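Shown next: final_9.tsv, given as TSV, C-alpha atoms.
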```tsv
chain	number	residue	atom	x	y	z
Z	1	MET	CA	88.56	68.25	65.16
Z	2	GLU	CA	86.01	65.98	63.54
Z	3	SER	CA	87.30	62.73	62.10
Z	4	ASN	CA	86.71	61.92	58.45
Z	5	LYS	CA	87.56	59.23	55.96
Z	6	LEU	CA	89.23	61.41	53.33
Z	7	THR	CA	92.45	60.17	51.87
Z	8	GLU	CA	95.33	62.59	51.51
Z	9	GLN	CA	94.76	62.81	47.76
Z	10	GLN	CA	91.05	63.46	48.24
Z	11	LEU	CA	91.87	66.23	50.68
Z	12	LYS	CA	94.34	67.79	48.24
Z	13	THR	CA	91.65	67.76	45.55
Z	14	ALA	CA	89.11	69.28	47.93
Z	15	LEU	CA	91.54	72.01	48.96
Z	16	CYS	CA	92.10	72.91	45.33
Z	17	GLU	CA	88.33	73.45	45.05
Z	18	VAL	CA	88.48	75.61	48.17
Z	19	ARG	CA	91.17	77.77	46.56
Z	20	LYS	CA	89.05	78.13	43.43
Z	21	ALA	CA	86.02	79.01	45.55
Z	22	HIS	CA	87.87	81.79	47.36
Z	23	ARG	CA	89.05	83.30	44.08
Z	24	LEU	CA	85.52	83.12	42.69
Z	25	ILE	CA	84.14	84.78	45.82
Z	26	TYR	CA	86.73	87.54	45.45
Z	27	GLU	CA	85.50	88.31	41.93
Z	28	TYR	CA	81.89	88.10	43.07
Z	29	GLN	CA	82.48	90.44	45.98
Z	30	ARG	CA	84.39	92.93	43.88
Z	31	ARG	CA	81.44	93.01	41.48
Z	32	MET	CA	79.03	93.55	44.38
Z	33	GLN	CA	81.05	96.48	45.70
Z	34	ASP	CA	81.09	98.06	42.24
Z	35	LEU	CA	77.37	97.44	41.74
Z	36	SER	CA	76.33	98.95	45.08
Z	37	TRP	CA	78.49	102.03	44.46
Z	38	PHE	CA	77.00	102.40	40.96
Z	39	ILE	CA	73.46	102.20	42.37
Z	40	LYS	CA	74.29	104.75	45.08
Z	41	ASN	CA	75.44	107.29	42.51
Z	42	LYS	CA	72.76	106.64	39.89
Z	43	LEU	CA	69.96	107.06	42.45
Z	44	GLY	CA	71.41	110.31	43.78
Z	45	PHE	CA	72.49	109.15	47.23
Z	46	ASN	CA	75.94	110.68	46.82
Z	47	LYS	CA	75.02	114.22	47.83
Z	48	SER	CA	73.56	115.46	51.11
Z	49	LYS	CA	74.45	113.29	54.14
Z	50	SER	CA	76.40	111.02	51.83
Z	51	ILE	CA	77.70	107.86	53.50
Z	52	PHE	CA	78.52	104.36	52.32
Z	53	GLU	CA	78.51	101.76	55.07
Z	54	GLY	CA	78.30	97.99	55.30
Z	55	TYR	CA	76.81	95.58	57.82
Z	56	THR	CA	76.91	91.81	58.13
Z	57	ARG	CA	73.35	90.47	58.33
Z	58	PHE	CA	73.82	86.70	58.59
Z	59	SER	CA	77.04	86.46	60.55
Z	60	GLU	CA	78.72	88.32	63.37
Z	61	SER	CA	81.51	90.76	62.66
Z	62	LEU	CA	85.05	89.66	63.46
Z	63	SER	CA	87.35	92.12	65.13
Z	64	ASN	CA	90.58	93.08	63.40
Z	65	ARG	CA	92.19	93.52	66.78
Z	66	GLU	CA	95.19	91.27	67.31
Z	67	GLY	CA	94.42	88.45	69.73
Z	68	ASN	CA	90.66	88.45	69.11
Z	69	ASN	CA	89.16	85.33	70.69
Z	70	VAL	CA	87.60	83.16	67.96
Z	71	SER	CA	86.35	80.38	70.19
Z	72	GLY	CA	82.63	79.92	69.84
Z	73	LYS	CA	82.51	81.78	66.53
Z	74	SER	CA	80.45	80.33	63.71
Z	75	PRO	CA	82.15	79.46	60.40
Z	76	TRP	CA	79.65	81.90	58.88
Z	77	ASP	CA	81.44	84.70	60.74
Z	78	TRP	CA	84.23	84.39	58.16
Z	79	LEU	CA	81.76	84.57	55.27
Z	80	TYR	CA	80.30	88.07	55.36
Z	81	SER	CA	79.06	87.95	51.80
Z	82	TYR	CA	76.31	85.39	52.48
Z	83	VAL	CA	74.00	88.29	53.40
Z	84	TYR	CA	75.42	91.81	53.47
Z	85	GLU	CA	73.81	95.23	53.67
Z	86	TYR	CA	75.25	98.24	51.84
Z	87	PHE	CA	73.74	101.36	53.38
Z	88	LEU	CA	73.82	103.98	50.63
Z	89	GLY	CA	72.89	106.96	52.79
Z	90	TYR	CA	70.15	109.57	52.88
Z	91	GLN	CA	68.41	111.76	50.35
Z	92	GLU	CA	66.45	114.84	51.35
Z	93	GLY	CA	63.42	115.76	49.27
Z	94	ASN	CA	60.47	118.12	49.55
Z	95	ALA	CA	58.93	117.34	52.94
Z	96	HIS	CA	60.55	113.92	53.33
Z	97	THR	CA	63.86	112.16	53.80
Z	98	LEU	CA	64.80	108.81	52.28
Z	99	GLY	CA	67.22	106.21	53.56
Z	100	LEU	CA	68.29	103.43	51.20
Z	101	SER	CA	70.16	100.15	51.40
Z	102	VAL	CA	70.82	97.43	48.88
Z	103	ILE	CA	71.12	94.05	50.51
Z	104	GLN	CA	73.12	91.25	48.94
Z	105	ILE	CA	71.38	87.92	49.60
Z	106	THR	CA	73.79	85.40	48.14
Z	107	ASP	CA	71.68	82.38	49.03
Z	108	THR	CA	68.00	82.28	49.96
Z	109	GLY	CA	68.38	78.62	50.94
Z	110	TYR	CA	68.43	79.27	54.68
Z	111	TYR	CA	65.37	81.53	54.60
Z	112	ALA	CA	63.37	79.36	52.22
Z	113	LYS	CA	63.41	76.25	54.40
Z	114	LYS	CA	61.26	76.40	57.50
Z	115	GLY	CA	63.17	75.19	60.52
Z	116	ALA	CA	66.60	75.56	58.90
Z	117	THR	CA	69.50	76.03	61.29
Z	118	LYS	CA	72.67	77.89	60.41
Z	119	SER	CA	74.90	75.15	61.81
Z	120	ASP	CA	73.40	72.36	59.66
Z	121	LEU	CA	73.63	72.91	55.91
Z	122	SER	CA	71.47	69.86	55.26
Z	123	THR	CA	68.50	71.84	56.61
Z	124	PHE	CA	68.91	74.53	53.92
Z	125	LEU	CA	66.99	74.36	50.65
Z	126	PRO	CA	69.33	72.84	48.04
Z	127	ALA	CA	71.44	75.41	46.19
Z	128	GLU	CA	69.86	74.41	42.87
Z	129	GLU	CA	66.43	75.32	44.25
Z	130	SER	CA	67.53	78.54	45.97
Z	131	ASP	CA	68.16	82.00	44.55
Z	132	THR	CA	70.60	84.90	44.73
Z	133	ARG	CA	68.90	88.26	45.07
Z	134	LEU	CA	69.44	91.97	45.59
Z	135	MET	CA	66.97	93.61	47.95
Z	136	PHE	CA	66.35	97.35	47.81
Z	137	TYR	CA	65.23	98.51	51.24
Z	138	MET	CA	64.05	102.11	51.51
Z	139	VAL	CA	62.55	104.05	54.39
Z	140	LYS	CA	60.65	107.28	53.75
Z	141	ARG	CA	60.24	109.68	56.68
Z	142	GLU	CA	57.95	112.69	56.59
Z	143	ASP	CA	59.97	115.67	57.75
Z	144	GLU	CA	57.27	117.29	59.87
Z	145	SER	CA	57.79	114.40	62.24
Z	146	LYS	CA	59.29	115.19	65.62
Z	147	GLU	CA	61.08	111.84	65.50
Z	148	THR	CA	64.61	112.07	64.16
Z	149	ASN	CA	65.57	108.43	63.61
Z	150	MET	CA	64.54	106.22	60.70
Z	151	ASP	CA	63.77	103.19	62.89
Z	152	TRP	CA	65.97	101.06	60.67
Z	153	LYS	CA	65.05	97.36	60.86
Z	154	ALA	CA	67.09	95.79	58.08
Z	155	LYS	CA	67.85	92.55	59.91
Z	156	GLU	CA	64.19	91.92	60.68
Z	157	ILE	CA	63.20	92.84	57.12
Z	158	ILE	CA	65.67	90.32	55.70
Z	159	GLU	CA	64.43	87.55	57.98
Z	160	GLU	CA	60.86	88.11	56.85
Z	161	TYR	CA	61.23	89.02	53.19
Z	162	ALA	CA	64.43	87.40	51.87
Z	163	CYS	CA	62.27	84.79	50.16
Z	164	ALA	CA	59.48	87.03	48.90
Z	165	LEU	CA	59.98	85.55	45.43
Z	166	LYS	CA	56.40	85.63	44.18
Z	167	LYS	CA	55.88	89.28	45.08
Z	168	LYS	CA	58.98	91.31	44.35
Z	169	ASP	CA	57.76	94.59	45.84
Z	170	ILE	CA	56.17	95.26	49.20
Z	171	ILE	CA	55.09	98.49	50.87
Z	172	PHE	CA	54.05	98.55	54.46
Z	173	PRO	CA	53.72	101.10	57.25
Z	174	SER	CA	55.84	100.99	60.36
Z	175	ASN	CA	54.59	101.50	63.87
Z	176	ARG	CA	55.09	105.23	63.26
Z	177	LYS	CA	52.70	107.14	61.04
Z	178	ASP	CA	55.52	109.22	59.57
Z	179	LEU	CA	57.44	106.21	58.21
Z	180	VAL	CA	56.85	103.98	55.21
Z	181	ARG	CA	59.10	101.08	54.27
Z	182	VAL	CA	59.60	99.78	50.74
Z	183	ILE	CA	61.09	96.40	49.82
Z	184	PHE	CA	61.94	95.68	46.20
Z	185	THR	CA	63.74	92.42	45.45
Z	186	VAL	CA	65.35	91.45	42.16
Z	187	PRO	CA	67.29	88.34	41.07
Z	188	LEU	CA	70.96	89.27	40.99
Z	189	SER	CA	71.20	87.65	37.56
Z	190	ARG	CA	69.31	90.65	36.16
Z	191	PHE	CA	72.34	92.88	36.82
Z	192	VAL	CA	74.36	91.28	34.06
Z	193	ASP	CA	75.59	94.56	32.57
Z	194	GLU	CA	75.05	98.33	32.81
Z	195	GLU	CA	72.08	98.36	30.45
Z	196	SER	CA	70.28	95.66	32.43
Z	197	THR	CA	71.14	97.37	35.71
Z	198	MET	CA	69.72	100.67	34.49
Z	199	LYS	CA	66.50	98.94	33.51
Z	200	VAL	CA	66.10	97.62	37.06
Z	201	LEU	CA	66.85	101.06	38.51
Z	202	HIS	CA	64.22	102.67	36.30
Z	203	GLU	CA	61.69	100.07	37.52
Z	204	PHE	CA	62.57	100.82	41.13
Z	205	VAL	CA	62.38	104.60	40.68
Z	206	GLU	CA	59.04	104.40	38.88
Z	207	TYR	CA	57.62	102.12	41.54
Z	208	CYS	CA	58.69	104.34	44.46
Z	209	ASN	CA	57.60	107.58	42.84
Z	210	LYS	CA	54.15	106.24	41.96
Z	211	LYS	CA	53.43	104.21	45.06
Z	212	VAL	CA	54.87	106.22	47.92
Z	213	GLY	CA	55.35	109.70	46.44
Z	214	THR	CA	59.14	109.87	46.38
Z	215	GLN	CA	61.00	112.12	43.97
Z	216	LEU	CA	63.75	109.80	42.92
Z	217	LYS	CA	65.57	110.54	39.67
Z	218	ILE	CA	68.18	108.65	37.72
Z	219	GLN	CA	71.38	110.68	37.68
Z	220	GLN	CA	73.22	111.14	34.40
```

Here is the file; what I need is its structure written in the form of structure tokens.
Amino acid sequence: MESNKLTEQQLKTALCEVRKAHRLIYEYQRRMQDLSWFIKNKLGFNKSKSIFEGYTRFSESLSNREGNNVSGKSPWDWLYSYVYEYFLGYQEGNAHTLGLSVIQITDTGYYAKKGATKSDLSTFLPAEESDTRLMFYMVKREDESKETNMDWKAKEIIEEYACALKKKDIIFPSNRKDLVRVIFTVPLSRFVDEESTMKVLHEFVEYCNKKVGTQLKIQQ
């Protein structure tokens, strides 16, 4: 255990802030769960092949199994919400299939600072200069393809585009001719209420339909 010069009273004060932080994170995470479920339903990913899965994208998953060895684990492994992917499922259209995730990027500070290391917070961009974003990540697969998988590369996409702040939308081909990937990032502060959220969803739908020929529709 690292030594420090905190007094007992200072530690008590700090621990009170830790308790407040955990309660704040609870409210934040509950809102994120509700938001991702709302997006899933409004974009029509609640029908064919409907699934709703989550993946840690900054930390490693911790086992719930009793006796799991935690030695060598990073403190980030207890903080799933730093970067988390909600996979909303698939949507089948005319001649193509879509897969969609929304990715919660709580802090772009790690990605924004070249050479940052996860174990040294001082190498991150300061929180005041960083951002909190929601990344829409969609893969479109042409159905005449003989390939069956979507070649999902969410982790690599996050590493490269988490800080694409100047250009919020990116379309690029994969190494397969039948696949196109779409990245659409939005500050999380834009999702302040249902009206604001619907405005973002309309922007995303319009973008995808015009640029890559999807047939997305907002569900009533």

With 4 Å added on each side, what axis-aligned box encloses every listed atom of segment 26-45 of chain Z? Give the centre and edge lengths in Å to one decimal, as JSON.
```
{"center_x": 78.3, "center_y": 98.9, "center_z": 43.6, "size_x": 24.8, "size_y": 30.8, "size_z": 15.3}
```

Kindly extract all protein, DNA and RNA residues lying within 12 Å of the coordinates (81.7, 89.6, 47.6) given in the file, considering all atoms listed in the file, and supply them as a PDB file with C-alpha atoms, in the coordinates of the input.
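point.pdb, freshly written:
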```pdb
ATOM      1  CA  ALA Z  21      86.020  79.010  45.550  1.00  0.00           C
ATOM      2  CA  HIS Z  22      87.870  81.790  47.360  1.00  0.00           C
ATOM      3  CA  ARG Z  23      89.050  83.300  44.080  1.00  0.00           C
ATOM      4  CA  LEU Z  24      85.520  83.120  42.690  1.00  0.00           C
ATOM      5  CA  ILE Z  25      84.140  84.780  45.820  1.00  0.00           C
ATOM      6  CA  TYR Z  26      86.730  87.540  45.450  1.00  0.00           C
ATOM      7  CA  GLU Z  27      85.500  88.310  41.930  1.00  0.00           C
ATOM      8  CA  TYR Z  28      81.890  88.100  43.070  1.00  0.00           C
ATOM      9  CA  GLN Z  29      82.480  90.440  45.980  1.00  0.00           C
ATOM     10  CA  ARG Z  30      84.390  92.930  43.880  1.00  0.00           C
ATOM     11  CA  ARG Z  31      81.440  93.010  41.480  1.00  0.00           C
ATOM     12  CA  MET Z  32      79.030  93.550  44.380  1.00  0.00           C
ATOM     13  CA  GLN Z  33      81.050  96.480  45.700  1.00  0.00           C
ATOM     14  CA  ASP Z  34      81.090  98.060  42.240  1.00  0.00           C
ATOM     15  CA  LEU Z  35      77.370  97.440  41.740  1.00  0.00           C
ATOM     16  CA  SER Z  36      76.330  98.950  45.080  1.00  0.00           C
ATOM     17  CA  GLY Z  54      78.300  97.990  55.300  1.00  0.00           C
ATOM     18  CA  THR Z  56      76.910  91.810  58.130  1.00  0.00           C
ATOM     19  CA  LEU Z  79      81.760  84.570  55.270  1.00  0.00           C
ATOM     20  CA  TYR Z  80      80.300  88.070  55.360  1.00  0.00           C
ATOM     21  CA  SER Z  81      79.060  87.950  51.800  1.00  0.00           C
ATOM     22  CA  TYR Z  82      76.310  85.390  52.480  1.00  0.00           C
ATOM     23  CA  VAL Z  83      74.000  88.290  53.400  1.00  0.00           C
ATOM     24  CA  TYR Z  84      75.420  91.810  53.470  1.00  0.00           C
ATOM     25  CA  GLU Z  85      73.810  95.230  53.670  1.00  0.00           C
ATOM     26  CA  TYR Z  86      75.250  98.240  51.840  1.00  0.00           C
ATOM     27  CA  ILE Z 103      71.120  94.050  50.510  1.00  0.00           C
ATOM     28  CA  GLN Z 104      73.120  91.250  48.940  1.00  0.00           C
ATOM     29  CA  ILE Z 105      71.380  87.920  49.600  1.00  0.00           C
ATOM     30  CA  THR Z 106      73.790  85.400  48.140  1.00  0.00           C
TER      31      THR Z 106
END
```

Checklist entry - Expressed in Å to a single decimal, how great is the separation between atom CA of Leu216 of chain Z and atom CA of Glu92 of chain Z? => result 10.2 Å

Checklist entry - Given the choices Z:Asp120, Z:Asp151, Z:Glu195, Z:Glu159, which gets closest to Leu179 of chain Z if the distance is worked out from only C-alpha atoms? => result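 Closest to Leu179 of chain Z of all the choices is Z:Asp151.
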
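Closest approach to Thr132 of chain Z among Z:Lys177, Z:Arg190, Z:Lys211, Z:Lys42 is made by Z:Arg190 (distances from all atoms listed in the file).
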
Checklist entry - Do you know which residues are at most 10 Å from Phe136 of chain Z counting all atoms listed in the file, after dropping those on the same chain fewer than 2 positions away, and could you put them as a list in words? => result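 The residues satisfying every condition are Glu85, Tyr86, Leu100, Ser101, Val102, Ile103, Gln104, Arg133, Leu134, Met138, Asp169, Val182, Ile183, Phe184, Thr185, Val186 and Phe204 of chain Z.
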
Item to check | 12 Å contact set for Glu206 of chain Z, all atoms listed in the file, chain neighbours under 4 positions out, as a PyMOL selection string | outcome: chain Z and resi 43+184+199-202+210-218

Item to check | Å distance separating atom CA of Tyr161 of chain Z from atom CA of Val139 of chain Z, one decimal place | outcome: 15.1 Å

Checklist entry - Within 9 Å of segment 114-119 of chain Z, counting only C-alpha atoms, which residues qualify if same-chain residues fewer than 6 places away don't, as a PyMOL selection string? => result chain Z and resi 74-76+125

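Here atom CA of Asn46 of chain Z stands at a distance of 14.0 Å from atom CA of Thr97 of chain Z.
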
Next on the checklist: Using only C-alpha atoms, can you tell me which of Z:Ala14, Z:Ile171, Z:Ala127, Z:Leu98 comes closest to Gly44 of chain Z?
Outcome noted: Z:Leu98

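With distances restricted to all atoms listed in the file, Z:Ala112 is the closest residue to Phe124 of chain Z from Z:Tyr55, Z:Ala112, Z:Val192, Z:Leu15.
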